[in-house]
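Everything below belongs to entry00.csv, which stores CSV, C-alpha atoms (C1' of nucleotides).
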chain,number,residue,atom,x,y,z
K,1,MET,CA,-174.4,143.4,29.5
K,2,LYS,CA,-175.4,143.8,33.1
K,3,ILE,CA,-176.7,141.4,35.7
K,4,SER,CA,-180.4,142.0,36.4
K,5,ALA,CA,-182.1,142.2,39.7
K,6,GLN,CA,-183.8,139.0,39.1
K,7,GLU,CA,-180.5,137.2,38.4
K,8,GLU,CA,-179.0,138.6,41.6
K,9,PHE,CA,-181.8,137.7,43.8
K,10,GLY,CA,-182.1,134.3,42.2
K,11,LEU,CA,-178.4,133.7,43.1
K,12,ARG,CA,-179.0,134.9,46.6
K,13,CYS,CA,-181.9,132.6,47.2
K,14,LEU,CA,-180.0,129.6,45.9
K,15,LEU,CA,-177.1,130.5,48.2
K,16,GLN,CA,-179.6,130.5,51.1
K,17,LEU,CA,-180.8,127.1,50.1
K,18,ALA,CA,-177.3,125.8,49.7
K,19,ARG,CA,-176.5,126.8,53.3
K,20,ALA,CA,-179.7,125.2,54.6
K,21,SER,CA,-179.3,122.1,52.5
K,22,ALA,CA,-175.8,121.6,53.9
K,23,ALA,CA,-177.5,121.3,57.3
K,24,GLY,CA,-180.1,119.0,55.9
K,25,GLU,CA,-182.8,121.6,56.3
K,26,SER,CA,-185.3,123.2,53.9
K,27,LEU,CA,-186.5,126.8,53.8
K,28,THR,CA,-190.0,128.2,53.5
K,29,LEU,CA,-190.8,131.1,51.2
K,30,ALA,CA,-191.3,133.4,54.1
K,31,GLN,CA,-187.8,132.6,55.4
K,32,ILE,CA,-186.2,133.2,52.1
K,33,ALA,CA,-188.1,136.4,51.5
K,34,GLU,CA,-187.4,137.8,54.9
K,35,ARG,CA,-183.6,137.1,54.8
K,36,GLU,CA,-183.2,138.6,51.3
K,37,GLY,CA,-185.4,141.6,52.0
K,38,ILE,CA,-187.8,140.9,49.1
K,39,SER,CA,-191.6,140.2,49.2
K,40,VAL,CA,-192.9,136.7,49.6
K,41,ALA,CA,-194.6,136.9,46.3
K,42,ASN,CA,-191.4,137.8,44.5
K,43,ALA,CA,-189.5,135.0,46.2
K,44,GLY,CA,-192.3,132.7,45.2
K,45,LYS,CA,-192.0,133.7,41.6
K,46,LEU,CA,-188.2,133.2,41.6
K,47,MET,CA,-188.6,129.8,43.3
K,48,TRP,CA,-191.2,128.8,40.7
K,49,ILE,CA,-188.7,129.5,37.9
K,50,LEU,CA,-185.9,127.7,39.6
K,51,ASN,CA,-188.2,124.7,40.4
K,52,LYS,CA,-189.4,124.5,36.8
K,53,ALA,CA,-185.7,124.5,35.7
K,54,GLY,CA,-184.9,121.6,38.0
K,55,LEU,CA,-182.5,123.5,40.2
K,56,VAL,CA,-184.6,123.4,43.4
K,57,ARG,CA,-187.3,121.1,44.7
K,58,SER,CA,-190.2,121.9,47.0
K,59,GLN,CA,-192.2,120.0,49.6
K,60,ARG,CA,-195.8,121.1,50.0
K,61,GLY,CA,-198.0,121.3,53.0
K,62,ILE,CA,-197.1,122.0,56.6
K,63,LYS,CA,-193.4,121.3,57.4
K,64,GLY,CA,-192.8,122.0,53.7
K,65,GLY,CA,-190.3,124.2,52.0
K,66,TYR,CA,-187.6,124.5,49.3
K,67,TYR,CA,-184.3,122.7,49.0
K,68,LEU,CA,-181.6,122.2,46.3
K,69,ALA,CA,-182.4,119.6,43.7
K,70,ARG,CA,-178.8,118.4,43.8
K,71,PRO,CA,-175.6,119.2,45.8
K,72,ALA,CA,-174.3,122.8,45.6
K,73,SER,CA,-171.1,121.5,44.1
K,74,GLU,CA,-173.0,120.3,41.1
K,75,ILE,CA,-174.9,123.6,40.4
K,76,HIS,CA,-172.9,125.8,38.0
K,77,LEU,CA,-173.6,129.5,37.7
K,78,ASN,CA,-174.1,129.4,33.9
K,79,GLN,CA,-177.1,127.1,34.5
K,80,VAL,CA,-178.6,129.6,37.0
K,81,ILE,CA,-178.0,132.7,34.8
K,82,ARG,CA,-179.4,131.0,31.8
K,83,VAL,CA,-182.6,130.1,33.6
K,84,LEU,CA,-183.1,133.5,35.2
K,85,ASP,CA,-182.3,135.2,31.9
K,86,GLY,CA,-185.2,133.6,30.1
K,87,GLU,CA,-185.0,132.6,26.5
K,88,ARG,CA,-181.6,133.9,25.6
K,89,VAL,CA,-181.8,133.5,21.8
K,90,ASP,CA,-185.1,135.2,21.6
K,91,SER,CA,-184.3,138.3,23.6
K,92,HIS,CA,-180.8,139.5,23.1
K,93,CYS,CA,-181.2,140.8,19.6
K,94,LYS,CA,-184.5,142.3,18.6
K,95,SER,CA,-183.4,143.2,15.1
K,96,TYR,CA,-183.4,139.6,14.1
K,97,ALA,CA,-186.9,138.8,15.1
K,98,GLY,CA,-185.7,136.1,17.4
K,99,VAL,CA,-184.5,133.7,14.8
K,100,LEU,CA,-180.8,133.2,14.1
K,101,ASP,CA,-181.3,132.2,10.5
K,102,ALA,CA,-183.5,135.3,9.8
K,103,CYS,CA,-180.8,137.9,10.2
K,104,VAL,CA,-181.9,140.8,8.1
K,105,HIS,CA,-178.3,142.1,7.9
K,106,THR,CA,-176.8,138.9,6.5
K,107,GLY,CA,-173.8,139.6,4.3
K,108,ASP,CA,-173.2,143.0,5.8
K,109,CYS,CA,-173.2,142.1,9.5
K,110,GLY,CA,-170.1,141.2,11.6
K,111,ILE,CA,-171.8,141.9,14.8
K,112,ARG,CA,-174.1,138.9,15.2
K,113,PRO,CA,-171.3,136.2,15.5
K,114,VAL,CA,-169.6,138.4,18.0
K,115,ILE,CA,-172.6,138.8,20.2
K,116,VAL,CA,-173.0,135.0,20.2
K,117,GLU,CA,-169.4,134.7,21.0
K,118,LEU,CA,-169.7,137.2,23.9
K,119,HIS,CA,-172.5,135.2,25.4
K,120,GLN,CA,-170.3,132.1,24.9
K,121,ILE,CA,-167.5,133.7,26.8
K,122,VAL,CA,-169.7,134.7,29.7
K,123,ASP,CA,-171.2,131.2,29.8
K,124,ASN,CA,-167.8,129.6,29.9
K,125,ALA,CA,-166.7,131.9,32.7
K,126,LEU,CA,-169.8,131.1,34.7
K,127,SER,CA,-169.6,127.4,34.1
K,128,ASP,CA,-166.3,127.4,36.1
K,129,ILE,CA,-168.1,128.6,39.3
K,130,THR,CA,-170.3,126.4,41.4
K,131,LEU,CA,-172.6,127.3,44.3
K,132,SER,CA,-170.4,125.6,46.8
K,133,GLN,CA,-167.5,127.8,45.6
K,134,LEU,CA,-169.6,130.8,46.3
K,135,LEU,CA,-170.2,129.5,49.8
K,136,ASP,CA,-166.5,129.3,50.3
K,137,THR,CA,-166.1,132.8,49.0
K,138,GLU,CA,-168.3,134.1,51.8
K,139,ALA,CA,-165.6,133.3,54.3
K,140,ASN,CA,-163.5,135.9,52.5
K,141,VAL,CA,-166.1,138.5,52.0
K,142,ASP,CA,-164.4,141.1,54.1
K,143,ALA,CA,-161.2,140.8,52.2
K,144,ALA,CA,-163.0,140.9,48.9
K,145,LEU,CA,-165.0,144.0,49.9
K,146,HIS,CA,-161.7,145.6,50.9
K,147,GLN,CA,-160.3,144.8,47.4
K,148,ILE,CA,-163.4,146.3,45.8
K,149,HIS,CA,-162.9,149.4,47.9
K,150,ILE,CA,-159.4,149.7,46.6
K,151,THR,CA,-160.6,149.3,43.0
K,152,LYS,CA,-163.2,151.9,43.6
K,153,GLN,CA,-160.7,154.4,44.9
K,154,ARG,CA,-158.5,153.8,41.9
K,155,SER,CA,-161.3,154.4,39.5
K,156,GLU,CA,-162.1,157.6,41.4
K,157,GLN,CA,-158.5,158.7,41.0
K,158,ARG,CA,-158.8,158.1,37.3
K,159,ALA,CA,-161.9,160.2,37.0
F,1,MET,CA,-176.5,139.1,31.7
F,2,LYS,CA,-177.7,139.9,28.2
F,3,ILE,CA,-176.7,142.5,25.6
F,4,SER,CA,-179.3,145.2,25.3
F,5,ALA,CA,-180.7,146.6,22.1
F,6,GLN,CA,-178.9,149.9,22.8
F,7,GLU,CA,-175.6,148.1,23.0
F,8,GLU,CA,-176.1,146.2,19.8
F,9,PHE,CA,-177.2,149.2,17.8
F,10,GLY,CA,-174.3,151.3,19.2
F,11,LEU,CA,-171.9,148.6,18.1
F,12,ARG,CA,-173.4,148.5,14.7
F,13,CYS,CA,-173.2,152.3,14.3
F,14,LEU,CA,-169.6,152.3,15.3
F,15,LEU,CA,-168.9,149.6,12.8
F,16,GLN,CA,-170.5,151.7,10.1
F,17,LEU,CA,-168.3,154.6,11.1
F,18,ALA,CA,-165.2,152.4,11.1
F,19,ARG,CA,-165.9,151.4,7.5
F,20,ALA,CA,-166.4,155.0,6.5
F,21,SER,CA,-163.5,156.3,8.4
F,22,ALA,CA,-161.2,153.8,6.7
F,23,ALA,CA,-162.2,155.5,3.5
F,24,GLY,CA,-161.7,158.9,4.9
F,25,GLU,CA,-165.4,159.7,4.9
F,26,SER,CA,-167.9,160.8,7.6
F,27,LEU,CA,-171.5,159.7,7.9
F,28,THR,CA,-174.6,161.8,8.5
F,29,LEU,CA,-177.2,160.7,11.0
F,30,ALA,CA,-179.6,160.0,8.1
F,31,GLN,CA,-177.1,157.7,6.5
F,32,ILE,CA,-176.4,155.8,9.8
F,33,ALA,CA,-180.1,155.5,10.6
F,34,GLU,CA,-181.1,154.3,7.2
F,35,ARG,CA,-178.4,151.6,7.0
F,36,GLU,CA,-179.2,150.2,10.4
F,37,GLY,CA,-183.0,150.4,10.0
F,38,ILE,CA,-183.5,152.6,13.0
F,39,SER,CA,-185.0,156.1,13.3
F,40,VAL,CA,-182.9,159.2,12.9
F,41,ALA,CA,-183.9,160.3,16.3
F,42,ASN,CA,-182.7,157.1,17.9
F,43,ALA,CA,-179.5,157.2,16.0
F,44,GLY,CA,-178.9,160.7,17.1
F,45,LYS,CA,-179.4,159.7,20.7
F,46,LEU,CA,-176.8,156.9,20.4
F,47,MET,CA,-174.4,159.2,18.6
F,48,TRP,CA,-174.8,161.8,21.4
F,49,ILE,CA,-173.8,159.1,24.0
F,50,LEU,CA,-170.8,158.0,22.0
F,51,ASN,CA,-169.8,161.5,21.3
F,52,LYS,CA,-170.0,162.5,25.0
F,53,ALA,CA,-167.8,159.4,25.8
F,54,GLY,CA,-165.2,160.5,23.3
F,55,LEU,CA,-165.5,157.5,21.0
F,56,VAL,CA,-166.8,159.5,18.0
F,57,ARG,CA,-166.5,163.1,16.9
F,58,SER,CA,-168.9,165.2,14.9
F,59,GLN,CA,-168.7,168.0,12.4
F,60,ARG,CA,-171.7,170.4,12.5
F,61,GLY,CA,-173.3,172.3,9.7
F,62,ILE,CA,-173.6,171.5,6.0
F,63,LYS,CA,-171.2,168.8,4.9
F,64,GLY,CA,-171.1,167.7,8.5
F,65,GLY,CA,-171.3,164.2,9.9
F,66,TYR,CA,-169.8,161.7,12.4
F,67,TYR,CA,-166.5,159.9,12.3
F,68,LEU,CA,-164.4,157.8,14.7
F,69,ALA,CA,-162.5,159.8,17.3
F,70,ARG,CA,-159.5,157.5,16.9
F,71,PRO,CA,-158.5,154.5,14.7
F,72,ALA,CA,-160.7,151.4,14.8
F,73,SER,CA,-157.8,149.4,16.0
F,74,GLU,CA,-157.6,151.6,19.2
F,75,ILE,CA,-161.3,151.2,20.1
F,76,HIS,CA,-161.9,148.2,22.4
F,77,LEU,CA,-165.3,146.7,22.9
F,78,ASN,CA,-165.2,147.0,26.7
F,79,GLN,CA,-165.1,150.8,26.3
F,80,VAL,CA,-168.1,150.7,24.0
F,81,ILE,CA,-170.1,148.4,26.2
F,82,ARG,CA,-169.3,150.4,29.3
F,83,VAL,CA,-170.5,153.6,27.7
F,84,LEU,CA,-173.7,152.1,26.3
F,85,ASP,CA,-174.4,150.4,29.6
F,86,GLY,CA,-174.6,153.6,31.5
F,87,GLU,CA,-173.3,153.8,35.0
F,88,ARG,CA,-172.4,150.2,35.7
F,89,VAL,CA,-171.8,150.4,39.5
F,90,ASP,CA,-175.0,152.3,40.1
F,91,SER,CA,-177.3,150.0,38.2
F,92,HIS,CA,-176.3,146.4,38.4
F,93,CYS,CA,-177.3,145.8,41.9
F,94,LYS,CA,-180.4,147.6,43.2
F,95,SER,CA,-180.2,146.1,46.6
F,96,TYR,CA,-177.2,148.1,47.5
F,97,ALA,CA,-178.8,151.5,46.8
F,98,GLY,CA,-176.0,152.2,44.4
F,99,VAL,CA,-173.2,152.4,46.8
F,100,LEU,CA,-170.6,149.7,47.3
F,101,ASP,CA,-170.0,150.5,50.9
F,102,ALA,CA,-173.7,150.5,51.7
F,103,CYS,CA,-174.2,146.7,51.2
F,104,VAL,CA,-177.1,145.8,53.5
F,105,HIS,CA,-175.9,142.2,53.5
F,106,THR,CA,-172.4,142.8,54.7
F,107,GLY,CA,-171.0,139.9,56.6
F,108,ASP,CA,-173.6,137.5,55.2
F,109,CYS,CA,-173.2,138.1,51.5
F,110,GLY,CA,-170.9,136.2,49.2
F,111,ILE,CA,-172.6,137.3,46.0
F,112,ARG,CA,-171.4,140.9,45.7
F,113,PRO,CA,-167.7,140.1,45.1
F,114,VAL,CA,-168.8,137.5,42.6
F,115,ILE,CA,-170.9,139.9,40.7
F,116,VAL,CA,-168.1,142.4,40.5
F,117,GLU,CA,-165.8,139.5,39.4
F,118,LEU,CA,-168.2,138.5,36.7
F,119,HIS,CA,-168.3,142.0,35.3
F,120,GLN,CA,-164.5,142.0,35.4
F,121,ILE,CA,-164.4,138.8,33.4
F,122,VAL,CA,-166.7,140.2,30.8
F,123,ASP,CA,-164.8,143.4,30.7
F,124,ASN,CA,-161.5,141.5,30.2
F,125,ALA,CA,-163.0,139.4,27.4
F,126,LEU,CA,-164.3,142.5,25.6
F,127,SER,CA,-161.0,144.4,26.0
F,128,ASP,CA,-159.3,141.8,23.8
F,129,ILE,CA,-161.5,142.7,20.8
F,130,THR,CA,-161.2,145.9,18.8
F,131,LEU,CA,-163.4,147.5,16.2
F,132,SER,CA,-161.0,146.7,13.4
F,133,GLN,CA,-161.1,143.0,14.4
F,134,LEU,CA,-164.8,143.1,14.0
F,135,LEU,CA,-164.3,144.5,10.5
F,136,ASP,CA,-162.1,141.6,9.7
F,137,THR,CA,-164.7,139.2,11.1
F,138,GLU,CA,-167.2,140.5,8.5
F,139,ALA,CA,-165.2,138.8,5.8
F,140,ASN,CA,-165.9,135.5,7.5
F,141,VAL,CA,-169.5,136.0,8.4
F,142,ASP,CA,-170.8,133.1,6.4
F,143,ALA,CA,-168.4,130.7,8.0
F,144,ALA,CA,-169.2,132.1,11.4
F,145,LEU,CA,-173.0,131.8,10.8
F,146,HIS,CA,-172.4,128.2,9.8
F,147,GLN,CA,-170.6,127.6,13.0
F,148,ILE,CA,-173.5,129.1,15.0
F,149,HIS,CA,-175.9,126.9,13.1
F,150,ILE,CA,-173.9,123.9,14.2
F,151,THR,CA,-173.9,125.1,17.8
F,152,LYS,CA,-177.6,125.6,17.6
F,153,GLN,CA,-178.2,122.1,16.3
F,154,ARG,CA,-176.1,120.7,19.1
F,155,SER,CA,-178.1,122.5,21.8
F,156,GLU,CA,-181.3,121.3,20.2
F,157,GLN,CA,-180.0,117.8,20.3
F,158,ARG,CA,-179.2,118.2,24.0
F,159,ALA,CA,-182.7,119.5,24.7
J,1,DG,C1',-175.4,188.1,6.7
J,2,DC,C1',-178.6,184.9,5.1
J,3,DT,C1',-180.1,180.2,4.3
J,4,DA,C1',-180.2,175.5,4.5
J,5,DA,C1',-178.1,171.4,6.1
J,6,DA,C1',-176.8,168.9,10.0
J,7,DC,C1',-176.0,168.1,14.7
J,8,DC,C1',-177.7,169.0,19.8
J,9,DT,C1',-180.9,168.8,23.5
J,10,DT,C1',-185.0,168.2,26.2
J,11,DA,C1',-189.4,166.4,26.9
J,12,DC,C1',-192.9,163.1,25.8
J,13,DT,C1',-194.8,158.5,24.5
J,14,DT,C1',-194.6,153.8,24.1
J,15,DT,C1',-193.4,149.3,25.6
J,16,DA,C1',-191.4,145.5,28.1
J,17,DA,C1',-189.6,144.0,32.4
J,18,DA,C1',-190.1,143.7,37.4
J,19,DG,C1',-192.7,143.3,41.2
J,20,DT,C1',-197.2,142.7,43.7
J,21,DC,C1',-201.7,140.9,44.9
J,22,DA,C1',-205.1,137.6,45.5
J,23,DA,C1',-207.4,133.3,44.7
J,24,DC,C1',-206.5,128.4,44.3
J,25,DT,C1',-204.5,123.8,45.2
J,26,DT,C1',-201.9,120.6,47.7
J,27,DT,C1',-200.1,118.5,51.8
J,28,DC,C1',-199.3,117.4,56.6
J,29,DA,C1',-200.7,116.7,61.4
J,30,DA,C1',-203.7,116.7,65.1
W,1,DT,C1',-211.3,114.8,58.3
W,2,DT,C1',-210.6,119.2,58.9
W,3,DG,C1',-208.0,123.2,59.3
W,4,DA,C1',-203.9,125.6,58.7
W,5,DA,C1',-199.5,126.0,56.5
W,6,DA,C1',-197.3,126.2,52.2
W,7,DG,C1',-196.6,126.2,47.3
W,8,DT,C1',-198.9,127.4,42.5
W,9,DT,C1',-200.8,130.3,39.2
W,10,DG,C1',-202.6,134.1,36.6
W,11,DA,C1',-203.9,138.9,36.6
W,12,DC,C1',-202.8,143.4,38.0
W,13,DT,C1',-199.8,147.4,39.1
W,14,DT,C1',-195.6,149.7,39.0
W,15,DT,C1',-191.4,151.2,37.1
W,16,DA,C1',-187.5,151.7,34.0
W,17,DA,C1',-185.8,151.2,29.4
W,18,DA,C1',-186.4,152.2,24.6
W,19,DG,C1',-188.0,154.9,21.1
W,20,DT,C1',-190.1,159.3,19.2
W,21,DA,C1',-190.9,164.1,18.3
W,22,DA,C1',-189.9,168.9,18.1
W,23,DG,C1',-187.5,172.9,18.6
W,24,DG,C1',-182.8,174.9,19.2
W,25,DT,C1',-177.9,175.7,17.8
W,26,DT,C1',-174.0,175.6,14.9
W,27,DT,C1',-171.6,175.7,10.4
W,28,DA,C1',-170.5,175.9,5.3
W,29,DG,C1',-171.4,178.0,1.3
W,30,DC,C1',-173.3,181.5,-1.5
Could I get this structure in the form of C-alpha cells?
Amino acid sequence: MKISAQEEFGLRCLLQLARASAAGESLTLAQIAEREGISVANAGKLMWILNKAGLVRSQRGIKGGYYLARPASEIHLNQVIRVLDGERVDSHCKSYAGVLDACVHTGDCGIRPVIVELHQIVDNALSDITLSQLLDTEANVDAALHQIHITKQRSEQRA
Amino acid sequence: MKISAQEEFGLRCLLQLARASAAGESLTLAQIAEREGISVANAGKLMWILNKAGLVRSQRGIKGGYYLARPASEIHLNQVIRVLDGERVDSHCKSYAGVLDACVHTGDCGIRPVIVELHQIVDNALSDITLSQLLDTEANVDAALHQIHITKQRSEQRA
DNA sequence: GCTAAACCTTACTTTAAAGTCAACTTTCAA
DNA sequence: TTGAAAGTTGACTTTAAAGTAAGGTTTAGC
C-alpha cells in the first residue's frame, strides 16, 4: 500500500505540465526530464502512458512538446494513479489469478471484499484532489514541510 | 498504491489466527501454510515479521504454534499494513534518498506533502477496521462479492 | 538427558518491476 | 525537400521484491 516511484514521477511530470499549460506553453521531453532529474527515456515512457490514457497530448516535430489534455482543475488524482498503477484488478491479488469471480477461497475468505473496499477508499480520497489544487499547495510547501518535520519528531519520540 | 502479495497473505494469516485464538487454540506454521496455499517457508517469514512487530506470539517446541498477541478487536489494519510494508518513510519516495529533510526539490515541490497526506488518509481509513470486524465480514462474503460483481459490471459499462 | 516437533534465522534463487538504450517515425521550418 | 528536432516503440539491462531452502535453536514429553 505504498506509492511507487512511477506514480510519483508521473505526478511530478503532470505538475510540470500544469504549470506550463497555465502559461500557454508546452514542454519537451528533455525539459521535463531535466527538471525532474530522470532520464529522457524514462520521461518518454511516462509521457507515453499518460498520453495513451488521454491525460496529456503531444505535438510532434520541431517546436513540439507535451501539454495537458484538459485544464488542471479537471484532472483528478485518482485518474492519474489508476493509469500509472496499470491494471489494478489484475495485479493487486495474485492468489485469485486476476479474476474476481475465480476466488479460490470463496466461502472462507473475508479479505477480498476488504481489499476491494480499501482500494475504493483510496480512490475516493484521491478523487477529491485535482492537479490545480496541487499547484495551490506549492505555495504552502514550506509550511507543509515544517508540519512533516514536527510529525517526524513525534514519531521519533515514540520510538 | 496497490496492496502487495505480502500484505494480503499477512492479513490472511492473521485472520486464521484470529479464528483459532477465538477458540483458544494456536496454529502451527504447517497449518497456516496449508490453509493459505503458500509454502511453510514463506509463512514462516511472514510470521517472523508479525512476531517481531508484536502482533503475534509464538510458543516453541513440541505442542507449539502461533497465536494473536492481543484480542482481534484490538488489532487495527493500519498497524498490520504498516508492518508488512516495511519502513514506509524510507521506501515510498526514492527521489529523496530516504530522508525527509533532504528533498532535492525543496521550494519547487508540491508533491511531497501530498504523498504524505495520501498515506495519512490510507492509514486513517485502515485504523477504523479491526481484525474482529473482518471476521464479522466473512459471514457476509456472498453479499459482498455480489456487490463487487455489480461494481465490476458498472465499470465495464463505463468503459 | 535424549529425542522429536516446531519455531528462528540467514543465504540463495527466482521473478517481476523499473529504468535504459537504440532504432524508427513524424513533423516543422528554412 | 531536406535536415534536424521531437515523439514512438520494442528490446535490453538493472534492480528490488518475493519466494525457497537448509541448517540452527528452543521446548515438551518421555
**Message:** Would you compute the distance between atom CA of Asn51 of chain K and atom C1' of DT13 of chain W? Give it in Å to one decimal.
**Reply:** 25.5 Å
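Here atom CA of Leu17 of chain F and atom CA of Val114 of chain K stand 17.7 Å from one another.
Residues surrounding Gln6 of chain F within 9 Å are F:Ile3, F:Phe9, F:Gly10, F:Leu11, F:Leu46, F:Leu84, F:Asp85, W:DA18 [all atoms listed in the file; sequence separation below 3 positions excluded].
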**Contact residues around Ser73 of chain F with all atoms listed in the file at 6 Å, ignoring same-chain residues under 3 positions, as a PyMOL selection string** = chain F and resi 130-132
**Request:** Write out as number ranges by chain the residues lying within 12 Å of DC12 of chain W, counting all atoms listed in the file and excluding same-chain residues fewer than 6 positions away.
**Result:** J: 19-22
**Request:** Show which residues sit within 10 Å of DA28 of chain W, as a ChimeraX atom specification. Count all atoms listed in the file, and ignore same-chain residues fewer than 6 positions away.
**Result:** /F:60-64 /J:4-5
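Candidate residues F:Lys2, F:Gln59, F:Gly54, F:Glu34 were compared for distance to chain J, and the nearest is F:Gln59, using all atoms listed in the file.
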Go through chain W and flag each residue having an atom no more than 8 Å from chain K; for those, report the closest pair of atoms plus their distance in Å to one decimal, using all atoms listed in the file, ordered by chain and rising number, as CSV.
residue,atom,partner,partner_atom,distance
W:DA4,C1',K:Ile62,CA,8.0
W:DA5,C1',K:Ile62,CA,4.7
W:DA6,C1',K:Gly61,CA,5.0
W:DG7,C1',K:Arg60,CA,5.8
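With only C-alpha atoms (C1' of nucleotides) as the atoms that count, the residue of F:Gln31, F:Gln16, F:Ser127, F:Ser21 with the shortest distance to chain J is F:Gln31.
Excluding Ala22 of chain K and any residue on its chain fewer than 4 positions from it, the residues at most 10 Å away by only C-alpha atoms (C1' of nucleotides) are Leu17, Ala18, Ser26, Tyr67, Leu68, Pro71, Ala72 and Ser132 of chain K.
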**Spatial sel., origin (-192.3, 144.8, 32.8), limit 12 Å, all atoms listed in the file, listed as a PyMOL selection string** = (chain J and resi 15-19) or (chain W and resi 12-17)
May I have the residues from that selection written out with C-alpha atoms (C1' of nucleotides), as a PDB file, in the coordinates of the input?
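Okay, this is what ended up in part.pdb:
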ATOM      1  C1'  DT J  15    -193.400 149.300  25.600  1.00  0.00           C
ATOM      2  C1'  DA J  16    -191.400 145.500  28.100  1.00  0.00           C
ATOM      3  C1'  DA J  17    -189.600 144.000  32.400  1.00  0.00           C
ATOM      4  C1'  DA J  18    -190.100 143.700  37.400  1.00  0.00           C
ATOM      5  C1'  DG J  19    -192.700 143.300  41.200  1.00  0.00           C
TER       6       DG J  19
ATOM      7  C1'  DC W  12    -202.800 143.400  38.000  1.00  0.00           C
ATOM      8  C1'  DT W  13    -199.800 147.400  39.100  1.00  0.00           C
ATOM      9  C1'  DT W  14    -195.600 149.700  39.000  1.00  0.00           C
ATOM     10  C1'  DT W  15    -191.400 151.200  37.100  1.00  0.00           C
ATOM     11  C1'  DA W  16    -187.500 151.700  34.000  1.00  0.00           C
ATOM     12  C1'  DA W  17    -185.800 151.200  29.400  1.00  0.00           C
TER      13       DA W  17
END
**Prompt:** From the set K:Ala43, K:Ile38, K:Val56, K:Ile32, which residue has the shortest atom-to-atom contact distance to chain F, counting only C-alpha atoms?
**Reply:** K:Ile38
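Between atom CA of Met1 of chain F and atom CA of Gln79 of chain F the interatomic distance comes to 17.2 Å.
Of the listed residues F:His119, F:His76, F:Arg57, F:Arg82, the one whose atoms come nearest to chain J is F:Arg57, with distances taken using all atoms listed in the file.
Between DT8 of chain W and the candidates J:DT3, J:DT14, J:DT9, J:DT26, the tightest atom-to-atom separation, counting all atoms listed in the file, involves J:DT26.
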